[in-house]
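Undergrad: Handing over data_24.pdb, PDB, C-alpha atoms and all ligand atoms.
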```
MODEL        1
ATOM      1  CA  MET Y   1    -161.499  73.801  68.413
ATOM      2  CA  SER Y   2    -161.171  76.282  65.549
ATOM      3  CA  SER Y   3    -157.915  77.354  63.961
ATOM      4  CA  ASP Y   4    -158.547  80.817  65.502
ATOM      5  CA  ASP Y   5    -157.367  79.295  68.755
ATOM      6  CA  THR Y   6    -153.879  78.559  67.422
ATOM      7  CA  ILE Y   7    -151.197  80.111  69.621
ATOM      8  CA  VAL Y   8    -148.141  79.195  67.581
ATOM      9  CA  ARG Y   9    -147.035  76.941  64.736
ATOM     10  CA  VAL Y  10    -143.489  75.740  64.311
ATOM     11  CA  GLU Y  11    -141.582  73.030  62.539
ATOM     12  CA  SER Y  12    -139.616  70.494  64.553
ATOM     13  CA  ASP Y  13    -136.759  68.950  62.582
ATOM     14  CA  SER Y  14    -135.758  66.249  65.099
ATOM     15  CA  PRO Y  15    -136.976  64.227  68.083
ATOM     16  CA  SER Y  16    -134.778  66.291  70.392
ATOM     17  CA  ARG Y  17    -136.332  69.496  69.109
ATOM     18  CA  THR Y  18    -139.802  68.086  69.745
ATOM     19  CA  GLN Y  19    -138.731  67.389  73.321
ATOM     20  CA  ALA Y  20    -137.337  70.913  73.635
ATOM     21  CA  LEU Y  21    -140.733  72.253  72.565
ATOM     22  CA  ALA Y  22    -142.334  70.098  75.251
ATOM     23  CA  ARG Y  23    -139.993  71.681  77.796
ATOM     24  CA  GLY Y  24    -141.029  75.102  76.497
ATOM     25  CA  LEU Y  25    -144.637  74.264  77.249
ATOM     26  CA  ALA Y  26    -144.041  72.435  80.539
ATOM     27  CA  ARG Y  27    -143.135  75.473  82.590
ATOM     28  CA  TRP Y  28    -146.501  77.023  81.799
ATOM     29  CA  LEU Y  29    -148.554  74.010  82.798
ATOM     30  CA  ARG Y  30    -150.423  74.269  86.074
ATOM     31  CA  PRO Y  31    -152.149  71.772  88.390
ATOM     32  CA  GLY Y  32    -155.199  70.610  86.447
ATOM     33  CA  SER Y  33    -153.856  71.442  82.971
ATOM     34  CA  VAL Y  34    -155.034  69.049  80.243
ATOM     35  CA  VAL Y  35    -152.945  68.580  77.091
ATOM     36  CA  CYS Y  36    -154.522  66.719  74.153
ATOM     37  CA  LEU Y  37    -152.062  65.359  71.568
ATOM     38  CA  ARG Y  38    -153.314  64.871  68.027
ATOM     39  CA  GLY Y  39    -151.400  63.360  65.134
ATOM     40  CA  ASP Y  40    -150.839  60.158  63.172
ATOM     41  CA  LEU Y  41    -149.168  57.010  64.465
ATOM     42  CA  GLY Y  42    -145.517  57.805  65.049
ATOM     43  CA  ALA Y  43    -146.045  61.554  64.950
ATOM     44  CA  GLY Y  44    -144.211  62.152  68.233
ATOM     45  CA  LYS Y  45    -146.998  62.383  70.812
ATOM     46  CA  THR Y  46    -145.402  59.983  73.300
ATOM     47  CA  LEU Y  47    -142.004  61.549  72.763
ATOM     48  CA  PHE Y  48    -143.527  64.940  73.570
ATOM     49  CA  VAL Y  49    -145.007  63.590  76.811
ATOM     50  CA  GLY Y  50    -141.531  62.295  77.650
ATOM     51  CA  GLY Y  51    -140.262  65.857  77.314
ATOM     52  CA  LEU Y  52    -143.009  67.107  79.619
ATOM     53  CA  VAL Y  53    -142.239  64.494  82.291
ATOM     54  CA  GLN Y  54    -138.538  65.288  82.143
ATOM     55  CA  ALA Y  55    -139.139  69.042  82.337
ATOM     56  CA  LEU Y  56    -141.515  68.645  85.276
ATOM     57  CA  GLY Y  57    -138.856  66.730  87.183
ATOM     58  CA  GLY Y  58    -140.269  63.220  86.755
ATOM     59  CA  GLN Y  59    -138.453  59.976  86.059
ATOM     60  CA  GLY Y  60    -138.672  58.346  82.648
ATOM     61  CA  PRO Y  61    -138.545  56.520  80.486
ATOM     62  CA  VAL Y  62    -141.978  57.473  79.219
ATOM     63  CA  VAL Y  63    -143.363  54.551  77.264
ATOM     64  CA  SER Y  64    -146.549  54.347  75.267
ATOM     65  CA  PRO Y  65    -149.638  53.475  77.328
ATOM     66  CA  THR Y  66    -151.164  51.873  74.241
ATOM     67  CA  PHE Y  67    -151.938  48.623  76.139
ATOM     68  CA  THR Y  68    -151.970  49.831  79.748
ATOM     69  CA  LEU Y  69    -154.155  52.792  78.584
ATOM     70  CA  GLU Y  70    -152.901  54.990  81.413
ATOM     71  CA  ASN Y  71    -149.482  55.610  82.967
ATOM     72  CA  ARG Y  72    -148.753  57.916  85.865
ATOM     73  CA  TYR Y  73    -145.492  59.681  86.666
ATOM     74  CA  ALA Y  74    -144.614  61.417  89.922
ATOM     75  CA  VAL Y  75    -143.240  64.870  89.167
ATOM     76  CA  ALA Y  76    -141.732  67.611  91.305
ATOM     77  CA  GLY Y  77    -143.332  70.880  92.362
ATOM     78  CA  ALA Y  78    -146.935  71.989  92.520
ATOM     79  CA  VAL Y  79    -148.207  69.529  89.896
ATOM     80  CA  ARG Y  80    -146.996  66.341  91.678
ATOM     81  CA  GLU Y  81    -148.337  63.890  89.070
ATOM     82  CA  LEU Y  82    -148.525  63.621  85.284
ATOM     83  CA  VAL Y  83    -151.145  61.251  83.867
ATOM     84  CA  HIS Y  84    -150.540  59.894  80.348
ATOM     85  CA  VAL Y  85    -153.504  58.288  78.617
ATOM     86  CA  ASP Y  86    -153.726  56.727  75.146
ATOM     87  CA  LEU Y  87    -157.255  56.076  73.873
ATOM     88  CA  TYR Y  88    -156.191  54.508  70.565
ATOM     89  CA  ARG Y  89    -157.090  50.941  71.544
ATOM     90  CA  ALA Y  90    -159.521  51.677  74.362
ATOM     91  CA  GLU Y  91    -162.957  50.027  74.213
ATOM     92  CA  SER Y  92    -165.921  52.248  75.035
ATOM     93  CA  ASP Y  93    -166.311  51.010  78.648
ATOM     94  CA  ALA Y  94    -162.649  51.662  79.265
ATOM     95  CA  VAL Y  95    -162.949  55.110  77.679
ATOM     96  CA  GLU Y  96    -165.692  56.032  80.156
ATOM     97  CA  ASP Y  97    -163.557  54.843  83.090
ATOM     98  CA  LEU Y  98    -160.578  56.764  81.785
ATOM     99  CA  VAL Y  99    -162.552  59.976  81.337
ATOM    100  CA  GLY Y 100    -163.706  59.712  84.957
ATOM    101  CA  SER Y 101    -160.183  59.014  86.098
ATOM    102  CA  MET Y 102    -158.802  61.979  84.107
ATOM    103  CA  ILE Y 103    -161.408  64.385  85.486
ATOM    104  CA  GLU Y 104    -160.600  63.226  89.015
ATOM    105  CA  ALA Y 105    -156.845  63.481  88.448
ATOM    106  CA  ARG Y 106    -157.231  66.996  87.095
ATOM    107  CA  SER Y 107    -159.279  68.098  90.065
ATOM    108  CA  ASP Y 108    -156.585  66.601  92.324
ATOM    109  CA  GLY Y 109    -154.064  68.872  90.588
ATOM    110  CA  ALA Y 110    -152.365  66.495  88.145
ATOM    111  CA  VAL Y 111    -151.381  67.434  84.607
ATOM    112  CA  VAL Y 112    -153.301  65.145  82.227
ATOM    113  CA  THR Y 113    -151.968  64.289  78.759
ATOM    114  CA  ILE Y 114    -154.025  62.310  76.238
ATOM    115  CA  GLU Y 115    -153.216  60.719  72.900
ATOM    116  CA  TRP Y 116    -156.122  60.065  70.506
ATOM    117  CA  ALA Y 117    -158.413  62.221  72.659
ATOM    118  CA  THR Y 118    -160.721  63.529  69.937
ATOM    119  CA  PRO Y 119    -163.874  61.570  70.921
ATOM    120  CA  VAL Y 120    -163.756  62.793  74.528
ATOM    121  CA  GLN Y 121    -161.985  66.101  74.164
ATOM    122  CA  GLU Y 122    -165.032  68.320  74.597
ATOM    123  CA  ARG Y 123    -165.628  66.727  77.991
ATOM    124  CA  LEU Y 124    -162.204  67.863  79.122
ATOM    125  CA  LEU Y 125    -162.542  71.591  78.522
ATOM    126  CA  PRO Y 126    -160.590  73.723  78.994
ATOM    127  CA  TYR Y 127    -157.564  72.074  77.403
ATOM    128  CA  LEU Y 128    -154.466  72.756  75.397
ATOM    129  CA  GLU Y 129    -153.942  70.823  72.189
ATOM    130  CA  VAL Y 130    -150.744  69.978  70.356
ATOM    131  CA  VAL Y 131    -151.278  68.915  66.751
ATOM    132  CA  PHE Y 132    -148.537  67.099  64.843
ATOM    133  CA  ASP Y 133    -148.499  66.923  61.053
ATOM    134  CA  MET Y 134    -146.011  64.713  59.271
ATOM    135  CA  VAL Y 135    -144.058  66.134  56.341
ATOM    136  CA  PRO Y 136    -143.737  63.357  53.742
ATOM    137  CA  ALA Y 137    -140.672  64.855  52.092
ATOM    138  CA  ARG Y 138    -138.796  65.226  55.398
ATOM    139  CA  PRO Y 139    -139.096  62.144  57.635
ATOM    140  CA  GLN Y 140    -137.622  63.904  60.684
ATOM    141  CA  SER Y 141    -139.933  66.880  60.351
ATOM    142  CA  ARG Y 142    -143.166  67.573  62.168
ATOM    143  CA  LEU Y 143    -145.305  70.667  61.762
ATOM    144  CA  MET Y 144    -146.517  71.376  65.253
ATOM    145  CA  ALA Y 145    -149.352  73.663  66.294
ATOM    146  CA  LEU Y 146    -150.241  74.602  69.842
ATOM    147  CA  ASN Y 147    -153.923  75.422  70.240
ATOM    148  CA  ALA Y 148    -155.737  76.610  73.341
ATOM    149  CA  ASN Y 149    -159.255  76.982  74.352
ATOM    150  CA  PRO Y 150    -159.379  80.688  75.221
ATOM    151  CA  VAL Y 151    -160.896  80.036  78.634
ATOM    152  CA  GLY Y 152    -158.677  79.602  81.633
ATOM    153  CA  TRP Y 153    -155.113  79.851  80.400
ATOM    154  CA  LYS Y 154    -153.124  83.070  80.263
ATOM    155  CA  HIS Y 155    -149.715  82.037  79.007
ATOM    156  CA  HIS Y 156    -150.220  82.325  75.247
ATOM    157  CA  GLU Y 157    -147.520  84.961  74.735
ATOM    158  CA  ALA Y 158    -144.998  83.212  76.957
ATOM    159  CA  VAL Y 159    -145.329  79.879  75.185
ATOM    160  CA  ARG Y 160    -145.331  81.466  71.750
ATOM    161  CA  ALA Y 161    -142.035  83.143  72.644
ATOM    162  CA  ALA Y 162    -140.624  79.902  74.049
ATOM    163  CA  TRP Y 163    -141.478  77.917  70.930
ATOM    164  CA  LEU Y 164    -140.164  80.528  68.535
ATOM    165  CA  ALA Y 165    -136.971  80.807  70.585
ATOM    166  CA  GLU Y 166    -136.266  77.110  70.045
ATOM    167  CA  GLY Y 167    -135.059  78.195  66.633
ATOM    168  CA  VAL Y 168    -137.448  76.057  64.649
ATOM    169  CA  VAL Y 169    -138.775  77.398  61.421
ATOM    170  CA  ALA Y 170    -142.126  79.094  61.816
ATOM    171  CA  THR Y 171    -144.524  77.971  59.121
TER     172      THR Y 171
HETATM  173  N1  LIG L   1    -139.261  65.716  64.656
HETATM  174  C1  LIG L   1    -139.633  64.609  65.301
HETATM  175  N2  LIG L   1    -140.420  64.714  66.400
HETATM  176  C2  LIG L   1    -140.854  63.610  67.047
HETATM  177  N3  LIG L   1    -140.544  62.340  66.693
HETATM  178  C3  LIG L   1    -139.777  62.177  65.623
HETATM  179  C4  LIG L   1    -139.286  63.301  64.875
HETATM  180  N4  LIG L   1    -138.546  62.812  63.854
HETATM  181  C5  LIG L   1    -138.573  61.486  63.962
HETATM  182  N5  LIG L   1    -139.281  61.077  65.024
HETATM  183  C6  LIG L   1    -139.502  59.679  65.424
HETATM  184  O1  LIG L   1    -140.893  59.416  65.363
HETATM  185  C7  LIG L   1    -141.263  58.500  66.402
HETATM  186  C8  LIG L   1    -142.351  59.119  67.275
HETATM  187  O2  LIG L   1    -142.834  58.112  68.107
HETATM  188  P1  LIG L   1    -143.936  58.342  69.223
HETATM  189  O3  LIG L   1    -144.106  57.048  69.918
HETATM  190  O4  LIG L   1    -143.619  59.534  70.026
HETATM  191  O5  LIG L   1    -145.226  58.651  68.299
HETATM  192  P2  LIG L   1    -146.755  58.725  68.734
HETATM  193  O6  LIG L   1    -147.293  59.945  68.067
HETATM  194  O7  LIG L   1    -146.873  58.632  70.202
HETATM  195  O8  LIG L   1    -147.389  57.451  68.023
HETATM  196  P3  LIG L   1    -148.651  56.524  68.454
HETATM  197  O9  LIG L   1    -149.902  57.177  67.933
HETATM  198  O10 LIG L   1    -148.358  55.229  67.765
HETATM  199  O11 LIG L   1    -148.652  56.401  69.952
HETATM  200  C9  LIG L   1    -140.003  58.208  67.202
HETATM  201  O12 LIG L   1    -139.434  57.016  66.709
HETATM  202  C10 LIG L   1    -139.107  59.391  66.866
HETATM  203  O13 LIG L   1    -137.721  59.079  66.949
HETATM  204 MG    MG L   2    -147.903  57.347  71.443
ENDMDL
END
```
When written as structure tokens, how does the structure in this file appear?
Ligand SMILES: Nc1ncnc2c1ncn2[C@@H]1O[C@H](COP(=O)(O)OP(=O)(O)OP(=O)(O)O)[C@@H](O)[C@H]1O
Ligand SMILES: [Mg+2]
TA:
Amino acid sequence: MSSDDTIVRVESDSPSRTQALARGLARWLRPGSVVCLRGDLGAGKTLFVGGLVQALGGQGPVVSPTFTLENRYAVAGAVRELVHVDLYRAESDAVEDLVGSMIEARSDGAVVTIEWATPVQERLLPYLEVVFDMVPARPQSRLMALNANPVGWKHHEAVRAAWLAEGVVAT
């Protein structure tokens, strides 16, 4: 995905602000939406998924699927289910199973979220991508970019407005 696909960049200065940004995205997700989360260990990917689950009317707590590889949350409304996958520790056989399971879940109308998705991302087009960059000088800060493949998603302006309205500093 090229940087031309960036919808909006903001700075989150706290975990709660990161979750507010997740809520700002959640209302524009649709059955079958895929959200890839990219960033270092501890960047806030799982926390962001927690914000999505909460905003979609699901029950937390959202915990890392680092060992279980995949967690599923029932959510309210048209989406019905949010699938949360973490490929960080997945062996290649497991990755293949998970890709199949994600494609099936998407076609059944779930929202699919994936941490450490880079090796399989192109097989999950179209997708949204949230990229987290740490800011060494500010431990509570994350530079966050929302990217979108241009195909199949028409809410760029709405989400840009939602993220900017959270009051975070645009960078
Ligand atoms: N602005 C911020 N946004 C998100 N998390 C933050 C922020 N500032 C501090 N944190 C802290 O960073 C940690 C993020 O943890 P989280 O499990 O969400 O990361 P992760 O990206 O999923 O990591 P991993 O790759 O290990 O799964 C939490 O402890 C959270 O409190
Ligand atoms: Mg995580």
Undergrad: Applied to the shown file, which residues does the PyMOL selection byres (((not hetatm)) within 9 of (chain L and resi 1)) return, written as a PyMOL selection string?
TA: chain Y and resi 11-19+37-50+63-66+86+88+115-116+132+134+138-143
Undergrad: Just checking: using all atoms listed in the file, which residue out of Y:Thr6, Y:Ser107, Y:Ser101, Y:Thr113 ends up closest to ligand MG 2 (chain L)?
TA: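 For ligand MG 2 (chain L), the nearest of the given residues is Y:Thr113.
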Undergrad: Give me, please, the distance in Å between CA of Leu128 (chain Y) and CA of Phe67 (chain Y), quoted to one decimal.
TA: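 One can read the CA of Leu128 (chain Y) to CA of Phe67 (chain Y) distance as 24.3 Å.
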Undergrad: If we count all atoms listed in the file and set the cut-off at 10 Å, which residues sit around region 145-149 of chain Y, ignoring sequence neighbours fewer than 3 positions away in its own chain? Please answer as a ChimeraX atom specification.
TA: /Y:1-11,25,35-38,125-133,142,152-156,159-160,163,171
Undergrad: Which residue gives the smallest distance to ligand MG 2 (chain L) among Y:Gln59, Y:Gln54, Y:Asn71, Y:Ser33, with only C-alpha atoms and all ligand atoms counted?
TA: Y:Asn71
Undergrad: Once the PyMOL selection byres (((chain Y and resi 32) around 10) and not hetatm) is applied to the coordinates I shared, what remains selected? I want it as a count of residues only.
TA: 22
Undergrad: Would you mind reading off the distance between CA of Ala55 (chain Y) and CA of Val75 (chain Y), one decimal, in Å?
TA: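 So the two atoms, CA of Ala55 (chain Y) and CA of Val75 (chain Y), lie 9.0 Å apart.
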Undergrad: Axis-aligned box over every listed atom of region 78-89 of chain Y, padded by 4 Å per side: centre and edges in Å to one decimal, as AutoDock Vina command-line options?
TA:
```
--center_x -152.1 --center_y 61.5 --center_z 81.5 --size_x 18.3 --size_y 29.0 --size_z 30.0
```
